file target21.cif (mmCIF, C-alpha atoms and all ligand atoms)
data_run
loop_
_atom_site.label_atom_id
_atom_site.label_comp_id
_atom_site.auth_asym_id
_atom_site.auth_seq_id
_atom_site.Cartn_x
_atom_site.Cartn_y
_atom_site.Cartn_z
CA MET T 110 17.53 -7.32 1.01
CA GLU T 111 19.60 -7.84 -2.12
CA HIS T 112 18.66 -9.97 -5.12
CA ILE T 113 16.44 -12.30 -3.15
CA CYS T 114 15.06 -15.29 -4.99
CA ALA T 115 12.47 -17.16 -2.95
CA LYS T 116 10.28 -20.10 -3.87
CA TYR T 117 8.02 -22.79 -2.48
CA GLY T 118 8.80 -26.07 -4.25
CA ASP T 119 8.87 -25.19 -7.95
CA HIS T 120 6.81 -22.06 -7.47
CA ILE T 121 9.11 -19.05 -7.69
CA VAL T 122 7.50 -16.16 -5.81
CA LEU T 123 10.35 -13.63 -5.75
CA GLN T 124 12.74 -13.57 -8.72
CA ASP T 125 15.16 -10.83 -7.85
CA PHE T 126 13.81 -8.81 -4.96
CA SER T 127 15.91 -5.94 -3.62
CA LEU T 128 14.85 -3.42 -1.02
CA ALA T 129 16.81 -1.07 1.22
CA VAL T 130 15.12 0.43 4.27
CA GLU T 131 16.74 3.29 6.15
CA PRO T 132 16.95 3.35 9.95
CA GLY T 133 13.93 5.10 11.48
CA GLU T 134 11.87 4.86 8.34
CA ILE T 135 8.34 3.50 7.98
CA VAL T 136 8.15 1.64 4.72
CA GLY T 137 4.92 0.18 3.44
CA ILE T 138 4.83 -2.80 1.13
CA VAL T 139 1.60 -3.03 -0.86
CA GLY T 140 0.51 -5.27 -3.68
CA PRO T 141 -2.26 -7.63 -4.71
CA SER T 142 -3.00 -10.73 -2.69
CA GLY T 143 -0.53 -13.52 -3.41
CA CYS T 144 2.17 -11.29 -4.93
CA GLY T 145 4.76 -12.26 -2.31
CA LYS T 146 4.65 -9.61 0.42
CA THR T 147 4.60 -12.11 3.26
CA THR T 148 7.20 -14.21 1.46
CA ALA T 149 9.52 -11.19 1.31
CA ILE T 150 9.29 -10.52 5.01
CA ARG T 151 9.54 -14.21 5.90
CA SER T 152 12.85 -14.12 4.05
CA LEU T 153 13.85 -11.02 5.99
CA CYS T 154 12.91 -12.49 9.36
CA GLY T 155 14.45 -15.90 8.69
CA PHE T 156 11.31 -18.04 8.52
CA LEU T 157 12.11 -18.86 4.91
CA ASN T 158 15.54 -19.42 3.42
CA PRO T 159 15.84 -17.79 0.02
CA GLU T 160 17.43 -19.70 -2.87
CA LYS T 161 19.69 -16.76 -3.55
CA GLY T 162 20.45 -13.32 -2.26
CA LYS T 163 21.57 -11.58 0.85
CA VAL T 164 19.86 -10.06 3.89
CA THR T 165 21.71 -7.44 5.92
CA ILE T 166 20.48 -5.80 9.12
CA ASN T 167 22.36 -2.83 10.56
CA GLY T 168 25.39 -3.69 8.47
CA LYS T 169 25.48 -7.32 9.58
CA THR T 170 24.80 -10.10 7.11
CA VAL T 171 22.10 -12.33 8.57
CA PHE T 172 21.55 -14.44 5.47
CA SER T 173 23.71 -15.31 2.50
CA ARG T 174 23.91 -18.69 0.86
CA GLU T 175 27.23 -17.85 -0.79
CA GLU T 176 28.79 -16.76 2.48
CA ARG T 177 27.06 -19.63 4.31
CA VAL T 178 25.45 -17.29 6.80
CA ASN T 179 22.01 -17.96 8.23
CA VAL T 180 21.23 -16.27 11.54
CA PRO T 181 18.15 -17.88 13.15
CA PRO T 182 15.00 -15.69 13.43
CA GLU T 183 15.26 -15.12 17.18
CA ASN T 184 18.75 -13.69 16.77
CA ARG T 185 17.79 -11.28 14.02
CA LYS T 186 16.09 -9.16 16.71
CA ILE T 187 13.09 -8.19 14.63
CA GLY T 188 9.79 -7.51 16.34
CA ILE T 189 6.96 -9.13 14.44
CA VAL T 190 3.25 -8.45 14.40
CA PHE T 191 1.37 -10.85 12.16
CA GLN T 192 -2.31 -10.73 11.45
CA ASP T 193 -2.71 -14.33 12.53
CA TYR T 194 0.29 -14.40 14.85
CA ALA T 195 -1.92 -13.96 17.86
CA ILE T 196 -0.68 -13.38 21.35
CA TRP T 197 -0.39 -16.51 23.48
CA PRO T 198 -3.82 -17.25 24.94
CA HIS T 199 -2.52 -19.01 28.05
CA MET T 200 -0.32 -16.12 29.16
CA SER T 201 -1.35 -12.87 30.79
CA VAL T 202 -0.72 -9.58 29.01
CA TYR T 203 2.36 -9.03 31.17
CA ASP T 204 3.81 -12.46 30.41
CA ASN T 205 3.14 -12.10 26.70
CA VAL T 206 5.11 -8.88 26.58
CA ALA T 207 7.85 -10.12 28.95
CA TYR T 208 8.40 -13.36 27.03
CA PRO T 209 10.65 -11.99 24.25
CA LEU T 210 12.83 -10.27 26.86
CA LYS T 211 13.29 -13.55 28.74
CA LYS T 212 14.15 -15.28 25.48
CA ARG T 213 16.62 -12.54 24.65
CA LYS T 214 18.18 -13.12 28.09
CA VAL T 215 17.68 -9.53 29.15
CA PRO T 216 18.77 -9.25 32.83
CA LYS T 217 15.83 -10.10 35.12
CA ASP T 218 15.81 -6.81 37.00
CA GLN T 219 15.33 -4.86 33.76
CA ILE T 220 12.31 -6.81 32.58
CA PRO T 221 9.49 -5.11 34.54
CA LYS T 222 10.67 -1.67 33.49
CA ARG T 223 10.75 -2.62 29.83
CA VAL T 224 7.36 -4.34 29.92
CA THR T 225 5.83 -1.28 31.54
CA TYR T 226 7.36 0.93 28.89
CA ALA T 227 6.15 -1.24 25.99
CA LEU T 228 2.62 -1.38 27.41
CA GLU T 229 2.66 2.37 27.84
CA GLN T 230 3.63 2.86 24.21
CA ALA T 231 0.79 0.62 23.08
CA GLN T 232 -1.60 2.34 25.52
CA MET T 233 -2.29 -0.87 27.42
CA THR T 234 -1.12 0.20 30.87
CA GLY T 235 -3.34 -1.32 33.56
CA TYR T 236 -4.08 -4.52 31.65
CA GLU T 237 -1.02 -6.45 32.89
CA LYS T 238 -3.02 -9.16 34.67
CA TYR T 239 -5.66 -9.63 31.97
CA MET T 240 -5.77 -12.80 29.92
CA PRO T 241 -6.12 -12.37 26.12
CA SER T 242 -9.67 -13.79 26.20
CA GLN T 243 -10.66 -10.84 28.40
CA LEU T 244 -9.54 -8.31 25.79
CA SER T 245 -11.18 -6.93 22.66
CA GLY T 246 -9.64 -7.65 19.26
CA GLY T 247 -8.08 -4.21 19.10
CA GLN T 248 -6.61 -4.53 22.59
CA GLN T 249 -5.12 -7.90 21.68
CA GLN T 250 -3.47 -6.37 18.66
CA ARG T 251 -2.07 -3.61 20.83
CA VAL T 252 -0.59 -6.24 23.13
CA ALA T 253 0.94 -7.81 20.01
CA ILE T 254 2.48 -4.44 19.21
CA ALA T 255 3.82 -4.10 22.76
CA ARG T 256 5.29 -7.57 22.44
CA ALA T 257 6.92 -6.59 19.15
CA LEU T 258 8.50 -3.67 21.00
CA THR T 259 10.12 -5.99 23.51
CA SER T 260 11.31 -8.30 20.73
CA SER T 261 13.36 -5.61 19.12
CA ASP T 262 14.80 -2.25 19.89
CA ASP T 263 14.96 -1.15 16.35
CA ILE T 264 13.05 -3.09 13.71
CA ILE T 265 9.40 -4.05 13.69
CA VAL T 266 7.69 -5.86 10.87
CA MET T 267 3.92 -5.70 10.72
CA ASP T 268 2.08 -7.96 8.32
CA GLU T 269 -1.54 -6.81 7.99
CA PRO T 270 -1.63 -6.12 11.72
CA ILE T 271 -4.93 -4.33 11.88
CA THR T 272 -7.10 -5.79 9.16
CA ASN T 273 -9.42 -7.43 11.69
CA LEU T 274 -10.34 -4.15 13.29
CA ASP T 275 -13.28 -1.93 12.46
CA ALA T 276 -12.63 1.20 10.41
CA LYS T 277 -12.51 3.59 13.35
CA LEU T 278 -10.15 1.47 15.41
CA ARG T 279 -7.97 0.90 12.34
CA GLU T 280 -7.65 4.63 11.89
CA GLN T 281 -6.77 5.03 15.56
CA MET T 282 -4.17 2.24 15.43
CA LEU T 283 -2.48 3.83 12.42
CA VAL T 284 -2.18 7.08 14.34
CA GLU T 285 -0.81 5.21 17.36
CA ILE T 286 1.73 3.29 15.32
CA ARG T 287 2.91 6.56 13.80
CA LEU T 288 3.19 8.26 17.21
CA MET T 289 4.98 5.30 18.71
CA GLN T 290 7.38 5.30 15.79
CA SER T 291 8.22 8.96 16.21
CA ARG T 292 8.81 8.51 19.95
CA LEU T 293 11.06 5.50 19.59
CA ASN T 294 12.46 6.08 16.09
CA THR T 295 11.87 2.43 15.34
CA THR T 296 12.25 1.21 11.78
CA ILE T 297 8.92 -0.20 10.68
CA ILE T 298 8.09 -2.34 7.68
CA TYR T 299 4.35 -2.38 7.23
CA ILE T 300 2.74 -4.86 4.90
CA THR T 301 -0.78 -4.41 3.67
CA HIS T 302 -2.97 -4.54 0.60
CA ASP T 303 -4.74 -1.44 1.84
CA GLN T 304 -2.99 1.29 -0.14
CA GLU T 305 -4.80 4.03 1.76
CA ALA T 306 -3.50 2.82 5.11
CA ALA T 307 -0.02 2.63 3.63
CA MET T 308 -0.23 6.20 2.35
CA GLN T 309 -1.45 7.46 5.67
CA LEU T 310 1.27 5.75 7.67
CA CYS T 311 4.39 5.39 5.62
CA ASP T 312 7.33 7.55 4.61
CA ARG T 313 7.83 5.47 1.49
CA ILE T 314 5.71 2.88 -0.24
CA VAL T 315 6.89 -0.13 -2.18
CA ILE T 316 4.40 -1.34 -4.77
CA MET T 317 4.65 -4.95 -5.84
CA GLU T 318 3.04 -6.46 -8.90
CA LYS T 319 1.33 -9.81 -9.15
CA ASP T 320 4.55 -11.46 -10.34
CA GLY T 321 6.46 -10.48 -7.19
CA SER T 322 8.45 -7.68 -8.79
CA ILE T 323 8.67 -4.18 -7.38
CA CYS T 324 7.27 -1.69 -9.87
CA GLN T 325 7.65 1.50 -7.87
CA ILE T 326 9.14 2.84 -4.65
CA GLY T 327 8.35 6.37 -3.56
CA THR T 328 6.52 8.74 -1.26
CA ASP T 329 2.74 8.85 -1.51
CA GLU T 330 2.99 12.11 -3.42
CA GLU T 331 5.47 10.74 -5.95
CA ILE T 332 3.31 7.69 -6.53
CA ILE T 333 0.10 9.66 -6.95
CA LYS T 334 1.67 12.25 -9.23
CA ASN T 335 3.86 9.93 -11.25
CA PRO T 336 2.61 6.37 -11.22
CA ALA T 337 5.29 4.21 -12.85
CA ASN T 338 2.85 2.26 -14.98
CA ARG T 339 -0.78 1.53 -15.58
CA PHE T 340 -0.92 -1.02 -12.79
CA VAL T 341 0.21 1.54 -10.21
CA PHE T 342 -2.17 4.12 -11.62
CA SER T 343 -5.13 1.80 -11.16
CA PHE T 344 -3.93 0.46 -7.81
CA ILE T 345 -3.84 3.90 -6.20
CA GLY T 346 -7.29 5.42 -6.08
CA VAL T 347 -10.11 5.52 -8.62
CA SER T 348 -9.09 5.67 -12.26
CA ASN T 349 -10.56 5.94 -15.76
CA PHE T 350 -8.87 4.33 -18.73
CA ILE T 351 -9.80 5.66 -22.15
CA PRO T 352 -8.53 4.23 -25.46
CA VAL T 353 -6.87 6.91 -27.54
CA THR T 354 -5.42 6.89 -31.07
CA ARG T 355 -3.32 9.20 -33.18
CA ARG T 356 -4.48 9.70 -36.75
CA GLU T 357 -3.35 12.31 -39.26
CA GLY T 358 -1.48 14.15 -36.54
CA LYS T 359 -4.54 14.50 -34.35
CA TYR T 360 -5.51 12.76 -31.16
CA TRP T 361 -8.78 10.91 -30.83
CA VAL T 362 -10.85 9.32 -28.12
CA GLU T 363 -12.13 5.92 -29.22
CA THR T 364 -15.52 5.66 -27.64
CA GLY T 365 -16.40 2.25 -29.08
CA LYS T 366 -19.16 4.03 -31.01
CA GLY T 367 -16.93 6.17 -33.20
CA ARG T 368 -14.00 8.44 -32.53
CA VAL T 369 -13.83 12.07 -31.59
CA CYS T 370 -10.86 14.39 -31.78
CA TYR T 371 -9.92 15.80 -28.38
CA ARG T 372 -6.63 17.45 -29.26
CA ASP T 373 -4.89 18.83 -32.37
CA SER T 374 -1.36 18.71 -30.99
CA LYS T 375 0.58 16.12 -29.09
CA PRO T 376 -0.52 15.94 -25.46
CA GLU T 377 2.14 16.09 -22.79
CA GLY T 378 3.32 12.63 -21.85
CA TYR T 379 1.94 11.00 -25.00
CA LEU T 380 4.11 8.04 -25.96
CA ASP T 381 6.38 8.76 -28.93
CA ASP T 382 5.42 6.94 -32.11
CA ALA T 383 2.48 5.15 -30.52
CA GLU T 384 -0.73 5.04 -32.53
CA ASN T 385 -2.86 3.22 -29.96
CA VAL T 386 -2.53 4.11 -26.33
CA VAL T 387 -4.59 4.16 -23.17
CA MET T 388 -5.17 7.40 -21.34
CA GLY T 389 -5.41 7.17 -17.57
CA VAL T 390 -7.28 10.04 -15.93
CA ARG T 391 -8.54 10.59 -12.38
CA PRO T 392 -12.21 11.41 -11.68
CA MET T 393 -11.20 14.84 -10.37
CA ASP T 394 -9.28 15.55 -13.58
CA ILE T 395 -12.19 15.22 -15.97
CA VAL T 396 -13.71 18.66 -16.32
CA PHE T 397 -17.14 19.55 -17.67
CA ASP T 398 -16.60 22.04 -20.43
CA ASP T 399 -19.34 22.86 -22.92
CA LYS T 400 -16.78 23.90 -25.55
CA SER T 401 -15.20 20.45 -25.72
CA PRO T 402 -16.09 18.38 -28.78
CA VAL T 403 -16.04 15.25 -26.62
CA LYS T 404 -19.65 14.86 -25.54
CA GLY T 405 -20.92 12.49 -22.89
CA THR T 406 -24.19 12.01 -21.08
CA ILE T 407 -24.58 12.05 -17.32
CA GLU T 408 -26.16 8.74 -16.40
CA GLN T 409 -26.00 9.10 -12.68
CA ALA T 410 -25.19 11.92 -10.28
CA VAL T 411 -24.53 10.96 -6.67
CA PHE T 412 -24.07 13.48 -3.90
CA LEU T 413 -21.40 12.29 -1.46
CA GLY T 414 -21.26 15.14 1.00
CA SER T 415 -18.00 16.81 0.08
CA LEU T 416 -18.20 15.83 -3.57
CA TYR T 417 -20.42 14.91 -6.45
CA ASN T 418 -19.79 11.61 -8.14
CA TYR T 419 -20.95 11.42 -11.76
CA PHE T 420 -21.15 8.42 -14.03
CA VAL T 421 -20.81 9.70 -17.56
CA ARG T 422 -21.54 7.63 -20.66
CA LEU T 423 -19.25 8.21 -23.62
CA GLY T 424 -20.09 5.67 -26.32
CA ASP T 425 -19.24 2.31 -24.79
CA LEU T 426 -17.20 3.90 -22.02
CA GLU T 427 -18.48 4.70 -18.59
CA LEU T 428 -16.41 7.39 -16.92
CA ARG T 429 -16.23 8.37 -13.29
CA VAL T 430 -16.11 12.11 -12.79
CA GLN T 431 -15.89 13.91 -9.47
CA ARG T 432 -16.45 17.54 -8.63
CA SER T 433 -16.11 19.07 -5.24
CA THR T 434 -19.45 20.22 -3.88
CA LEU T 435 -18.18 23.76 -3.59
CA ASP T 436 -17.35 23.89 -7.30
CA ALA T 437 -20.71 22.43 -8.17
CA LEU T 438 -22.61 24.94 -6.04
CA GLY T 439 -20.62 27.91 -7.30
CA GLY T 440 -21.12 26.95 -10.91
CA LYS T 441 -23.70 25.05 -12.80
CA GLU T 442 -25.52 22.04 -11.54
CA TYR T 443 -25.48 18.92 -13.61
CA GLU T 444 -28.36 16.52 -13.82
CA GLU T 445 -28.92 12.99 -14.94
CA GLY T 446 -29.65 12.78 -18.66
CA GLN T 447 -27.80 16.01 -19.40
CA GLN T 448 -25.20 16.19 -22.16
CA VAL T 449 -21.78 17.50 -21.11
CA GLY T 450 -18.52 18.35 -22.85
CA LEU T 451 -15.45 16.68 -21.33
CA THR T 452 -11.84 17.80 -21.12
CA PHE T 453 -9.00 15.89 -19.54
CA LEU T 454 -6.32 17.22 -17.23
CA ASN T 455 -3.13 15.64 -15.86
CA GLU T 456 -3.72 12.60 -17.98
CA LYS T 457 -1.15 9.81 -18.27
CA TYR T 458 -0.54 7.65 -21.30
CA TYR T 459 0.17 3.96 -21.25
CA ASP T 460 0.97 1.41 -23.89
CA ALA T 461 -2.21 -0.22 -25.16
CA LYS T 462 -0.41 -3.58 -25.33
CA GLU T 463 0.52 -3.44 -21.65
CA ALA T 464 -3.10 -2.58 -20.93
CA ALA T 465 -4.42 -5.47 -23.01
CA ALA T 466 -2.19 -7.96 -21.20
CA GLU T 467 -3.99 -7.36 -17.91
N1 LIG T 501 3.91 -22.22 2.63
C1 LIG T 501 3.65 -22.10 1.33
N2 LIG T 501 3.77 -23.16 0.50
C2 LIG T 501 3.54 -23.04 -0.82
N3 LIG T 501 3.18 -21.89 -1.43
C3 LIG T 501 3.04 -20.81 -0.68
C4 LIG T 501 3.27 -20.84 0.75
N4 LIG T 501 3.06 -19.62 1.24
C5 LIG T 501 2.71 -18.85 0.18
N5 LIG T 501 2.70 -19.55 -0.96
C6 LIG T 501 2.42 -19.02 -2.31
O1 LIG T 501 3.33 -17.97 -2.59
C7 LIG T 501 2.68 -16.88 -3.21
C8 LIG T 501 2.94 -15.62 -2.43
O2 LIG T 501 2.33 -15.73 -1.16
P1 LIG T 501 2.43 -14.60 -0.05
O3 LIG T 501 1.85 -15.16 1.19
O4 LIG T 501 3.83 -14.10 0.01
O5 LIG T 501 1.49 -13.47 -0.68
P2 LIG T 501 1.03 -12.07 -0.05
O6 LIG T 501 1.51 -11.01 -1.00
O7 LIG T 501 1.49 -11.97 1.36
O8 LIG T 501 -0.55 -12.17 -0.15
P3 LIG T 501 -1.70 -11.65 0.89
O9 LIG T 501 -1.90 -10.19 0.59
O10 LIG T 501 -2.89 -12.43 0.47
O11 LIG T 501 -1.25 -11.93 2.27
C9 LIG T 501 1.23 -17.27 -3.33
O12 LIG T 501 0.99 -17.71 -4.64
C10 LIG T 501 1.04 -18.39 -2.35
O13 LIG T 501 0.10 -19.32 -2.81
MG MG T 502 0.50 -11.92 3.19
#
call {"tool": "encode", "arguments": {"input": "target21.cif", "output": "structure tokens"}}
result
Amino acid sequence: MEHICAKYGDHIVLQDFSLAVEPGEIVGIVGPSGCGKTTAIRSLCGFLNPEKGKVTINGKTVFSREERVNVPPENRKIGIVFQDYAIWPHMSVYDNVAYPLKKRKVPKDQIPKRVTYALEQAQMTGYEKYMPSQLSGGQQQRVAIARALTSSDDIIVMDEPITNLDAKLREQMLVEIRLMQSRLNTTIIYITHDQEAAMQLCDRIVIMEKDGSICQIGTDEEIIKNPANRFVFSFIGVSNFIPVTRREGKYWVETGKGRVCYRDSKPEGYLDDAENVVMGVRPMDIVFDDKSPVKGTIEQAVFLGSLYNYFVRLGDLELRVQRSTLDALGGKEYEEGQQVGLTFLNEKYYDAKEAAAE
């Protein structure tokens, strides 16, 4: 997709949206509700005609206003699984999965073989004669996946396909989608606002901001290690944001009840020339260290099996700190009401103005 501009009436959702997906790749698109994820894939699939821009699939232009090209959705050969794009209730499982093949005018004698194969991939063999009302929610979604497989040999778009399932089934479906993808080498575009599901499933993740722009594209590791901005930092996992200032060449934590120096020299990644910034730091990267001049008080200590979760009061700030249980057992135990020194590791610095705008 190149320079897509898409709108509903006067409401511009995508300004200048560009995204290239490689064959055989699973790409996740994540972003807050209403940012334009579904709009982007509707433009890709042909359910919405962008104002501007170009859509190319396997080297073939399927949409371009300038070139006056607009291939209808059924000829773009994209398999689609929508959250609310249920399977047809009046058709059996077999007919649901066979339908796209008939529409694509696949020779009749090849249809049974392909339906069988698609059902096998979705682990729904044996359910051919069932009607959708006789299936559980998860089974219906698997039929939808099988149907997507018969709609396309190479591209499947999934828009929140498994949000209706319980946690365990969701987990299982993610594993199945991944396995299916590696067997068939299908290109998958997976849309969700569940960043954890996206990280688990996808080769690359596209993060969209509220305004429809893409703020980062990368592997899960790249995004976790180097979040492009404060929004990405807070979107991926639990985060602490701490106001920090530079005064007289030293670096101070602004607790809201006074300031305390936490570093004498410039921290790595500190923004040049900035006096007021916001430090982003993960719960695992705040370390209890009695020698630190930054003193907080443990307000709450919660044991979560593999880790301890602490809520630490630092002036007006409430910080989330996590320690793995093994660390905690090997070292000192920390109790509610106890004073602790705090040091920060792997911290990121963001413009305080950007932070204030949110
Ligand atoms: N058919 C429509 N007519 C008018 N406005 C629409 C239409 N569909 C979506 N919108 C608006 O476009 C914006 C983007 O919607 P979109 O469905 O693309 O968001 P999304 O990122 O998929 O959100 P979600 O995670 O909630 O599914 C929203 O502000 C929405 O209100
Ligand atoms: Mg959506």
call {"tool": "closest_atom_pairs", "arguments": {"input": "target21.cif", "of": "chain T", "to": "ligand LIG 501 (chain T)", "cutoff": "9 Å", "atoms": "all atoms listed in the file", "output": "CSV"}}
result
residue,atom,partner,partner_atom,distance
T:Lys116,CA,T:LIG501,O1,7.4
T:Tyr117,CA,T:LIG501,C2,4.8
T:Gly118,CA,T:LIG501,C2,7.0
T:His120,CA,T:LIG501,N3,7.0
T:Ile121,CA,T:LIG501,O1,7.8
T:Val122,CA,T:LIG501,C7,5.5
T:Leu123,CA,T:LIG501,C8,8.4
T:Val139,CA,T:LIG501,O6,8.0
T:Gly140,CA,T:LIG501,O6,6.4
T:Pro141,CA,T:LIG501,O9,5.9
T:Ser142,CA,T:LIG501,O9,3.5
T:Gly143,CA,T:LIG501,O5,3.4
T:Cys144,CA,T:LIG501,O6,4.0
T:Gly145,CA,T:LIG501,O4,3.1
T:Lys146,CA,T:LIG501,O6,3.7
T:Thr147,CA,T:LIG501,O7,3.6
T:Thr148,CA,T:LIG501,O4,3.7
T:Ala149,CA,T:LIG501,O4,6.5
T:Ile150,CA,T:LIG501,O4,8.2
T:Arg151,CA,T:LIG501,O4,8.2
T:Asp268,CA,T:LIG501,O11,8.0
T:Glu269,CA,T:LIG501,O11,7.7
T:Ile300,CA,T:LIG501,O7,8.0
T:Thr301,CA,T:LIG501,O9,6.6
T:His302,CA,T:LIG501,O9,5.8
T:Met317,CA,T:LIG501,O6,8.4
T:Lys319,CA,T:LIG501,O6,8.2
T:Gly321,CA,T:LIG501,C8,7.8
call {"tool": "closest_residue", "arguments": {"input": "target21.cif", "among": "T:Phe453, T:Trp197, T:Tyr299, T:Phe172", "to": "ligand MG 502 (chain T)", "atoms": "all atoms listed in the file"}}
result
T:Tyr299
call {"tool": "closest_residue", "arguments": {"input": "target21.cif", "among": "T:Leu454, T:Ile333, T:Met267, T:Leu283", "to": "ligand MG 502 (chain T)", "atoms": "only C-alpha atoms and all ligand atoms"}}
result
T:Met267
call {"tool": "closest_residue", "arguments": {"input": "target21.cif", "among": "T:Asp303, T:Glu160, T:Lys186, T:Gly133", "to": "ligand MG 502 (chain T)", "atoms": "all atoms listed in the file"}}
result
T:Asp303
call {"tool": "atom_distance", "arguments": {"input": "target21.cif", "atom1": "atom CA of Arg223 of chain T", "atom2": "atom CA of Arg292 of chain T"}}
result
15.0 Å
call {"tool": "atom_distance", "arguments": {"input": "target21.cif", "atom1": "atom CA of Gln248 of chain T", "atom2": "atom CA of Pro270 of chain T"}}
result
12.1 Å
call {"tool": "residues_around", "arguments": {"input": "target21.cif", "residues": "Ile135 of chain T", "least_positions_apart": "6", "cutoff": "12 Å", "atoms": "all atoms listed in the file", "output": "short mmCIF file (atom, residue, chain, number, x, y, z; two decimals) with C-alpha atoms, in the coordinates of the input"}}
result
data_model
loop_
_atom_site.label_atom_id
_atom_site.label_comp_id
_atom_site.auth_asym_id
_atom_site.auth_seq_id
_atom_site.Cartn_x
_atom_site.Cartn_y
_atom_site.Cartn_z
CA ALA T 129 16.81 -1.07 1.22
CA ASP T 263 14.96 -1.15 16.35
CA ILE T 264 13.05 -3.09 13.71
CA ILE T 265 9.40 -4.05 13.69
CA VAL T 266 7.69 -5.86 10.87
CA MET T 267 3.92 -5.70 10.72
CA LEU T 283 -2.48 3.83 12.42
CA ILE T 286 1.73 3.29 15.32
CA ARG T 287 2.91 6.56 13.80
CA LEU T 288 3.19 8.26 17.21
CA MET T 289 4.98 5.30 18.71
CA GLN T 290 7.38 5.30 15.79
CA SER T 291 8.22 8.96 16.21
CA ASN T 294 12.46 6.08 16.09
CA THR T 295 11.87 2.43 15.34
CA THR T 296 12.25 1.21 11.78
CA ILE T 297 8.92 -0.20 10.68
CA ILE T 298 8.09 -2.34 7.68
CA TYR T 299 4.35 -2.38 7.23
CA ILE T 300 2.74 -4.86 4.90
CA ALA T 307 -0.02 2.63 3.63
CA MET T 308 -0.23 6.20 2.35
CA GLN T 309 -1.45 7.46 5.67
CA LEU T 310 1.27 5.75 7.67
CA CYS T 311 4.39 5.39 5.62
CA ASP T 312 7.33 7.55 4.61
CA ARG T 313 7.83 5.47 1.49
CA ILE T 314 5.71 2.88 -0.24
CA VAL T 315 6.89 -0.13 -2.18
CA GLY T 327 8.35 6.37 -3.56
CA THR T 328 6.52 8.74 -1.26
#
call {"tool": "closest_residue", "arguments": {"input": "target21.cif", "among": "T:Thr259, T:Gln243, T:Asn385, T:Gln232", "to": "Gly188 of chain T", "atoms": "all atoms listed in the file"}}
result
T:Thr259
call {"tool": "residues_around", "arguments": {"input": "target21.cif", "residues": "Lys211 of chain T", "least_positions_apart": "4", "cutoff": "12 Å", "atoms": "all atoms listed in the file", "output": "VMD selection string"}}
result
chain T and resid 183 204 to 207 215 to 221 223 to 224 256 259 to 260
call {"tool": "residues_near_point", "arguments": {"input": "target21.cif", "point": "(-8.0, 4.0, 20.4)", "cutoff": "10 Å", "atoms": "all atoms listed in the file", "output": "JSON, numbers by chain"}}
result
{"T": [231, 232, 247, 248, 251, 277, 278, 279, 280, 281, 282, 283, 284, 285]}
call {"tool": "atom_distance", "arguments": {"input": "target21.cif", "atom1": "atom CA of Phe397 of chain T", "atom2": "atom CA of Gln447 of chain T"}}
result
11.4 Å
call {"tool": "closest_residue", "arguments": {"input": "target21.cif", "among": "T:Ile138, T:Val164, T:Cys114, T:Ile326", "to": "ligand MG 502 (chain T)", "atoms": "only C-alpha atoms and all ligand atoms"}}
result
T:Ile138
call {"tool": "closest_residue", "arguments": {"input": "target21.cif", "among": "T:Val390, T:His112, T:Phe191, T:Leu428", "to": "ligand MG 502 (chain T)", "atoms": "only C-alpha atoms and all ligand atoms"}}
result
T:Phe191
call {"tool": "residues_around", "arguments": {"input": "target21.cif", "residues": "Gly155 of chain T", "least_positions_apart": "6", "cutoff": "10 Å", "atoms": "only C-alpha atoms", "output": "ChimeraX atom specification"}}
result
/T:164,171-172,179-185,187
call {"tool": "build_atoms", "arguments": {"input": "target21.cif", "residues": "segment 254-260 of chain T", "atoms": "N, CA, C and O atoms", "output": "CSV table (one decimal), in the coordinates of the input"}}
result
chain,number,residue,atom,x,y,z
T,254,ILE,N,1.5,-5.5,19.5
T,254,ILE,CA,2.5,-4.4,19.2
T,254,ILE,C,3.5,-4.2,20.4
T,254,ILE,O,4.7,-4.1,20.2
T,255,ALA,N,2.9,-4.2,21.6
T,255,ALA,CA,3.8,-4.1,22.8
T,255,ALA,C,4.8,-5.2,22.8
T,255,ALA,O,6.0,-5.0,23.1
T,256,ARG,N,4.4,-6.4,22.4
T,256,ARG,CA,5.3,-7.6,22.4
T,256,ARG,C,6.4,-7.4,21.3
T,256,ARG,O,7.5,-7.8,21.5
T,257,ALA,N,5.9,-6.8,20.2
T,257,ALA,CA,6.9,-6.6,19.2
T,257,ALA,C,8.0,-5.6,19.6
T,257,ALA,O,9.2,-5.7,19.3
T,258,LEU,N,7.6,-4.7,20.5
T,258,LEU,CA,8.5,-3.7,21.0
T,258,LEU,C,9.5,-4.3,21.9
T,258,LEU,O,10.7,-3.8,22.0
T,259,THR,N,9.1,-5.4,22.6
T,259,THR,CA,10.1,-6.0,23.5
T,259,THR,C,11.0,-7.0,22.8
T,259,THR,O,12.0,-7.5,23.3
T,260,SER,N,10.5,-7.3,21.5
T,260,SER,CA,11.3,-8.3,20.7
T,260,SER,C,12.5,-7.6,20.1
T,260,SER,O,13.4,-8.2,19.6
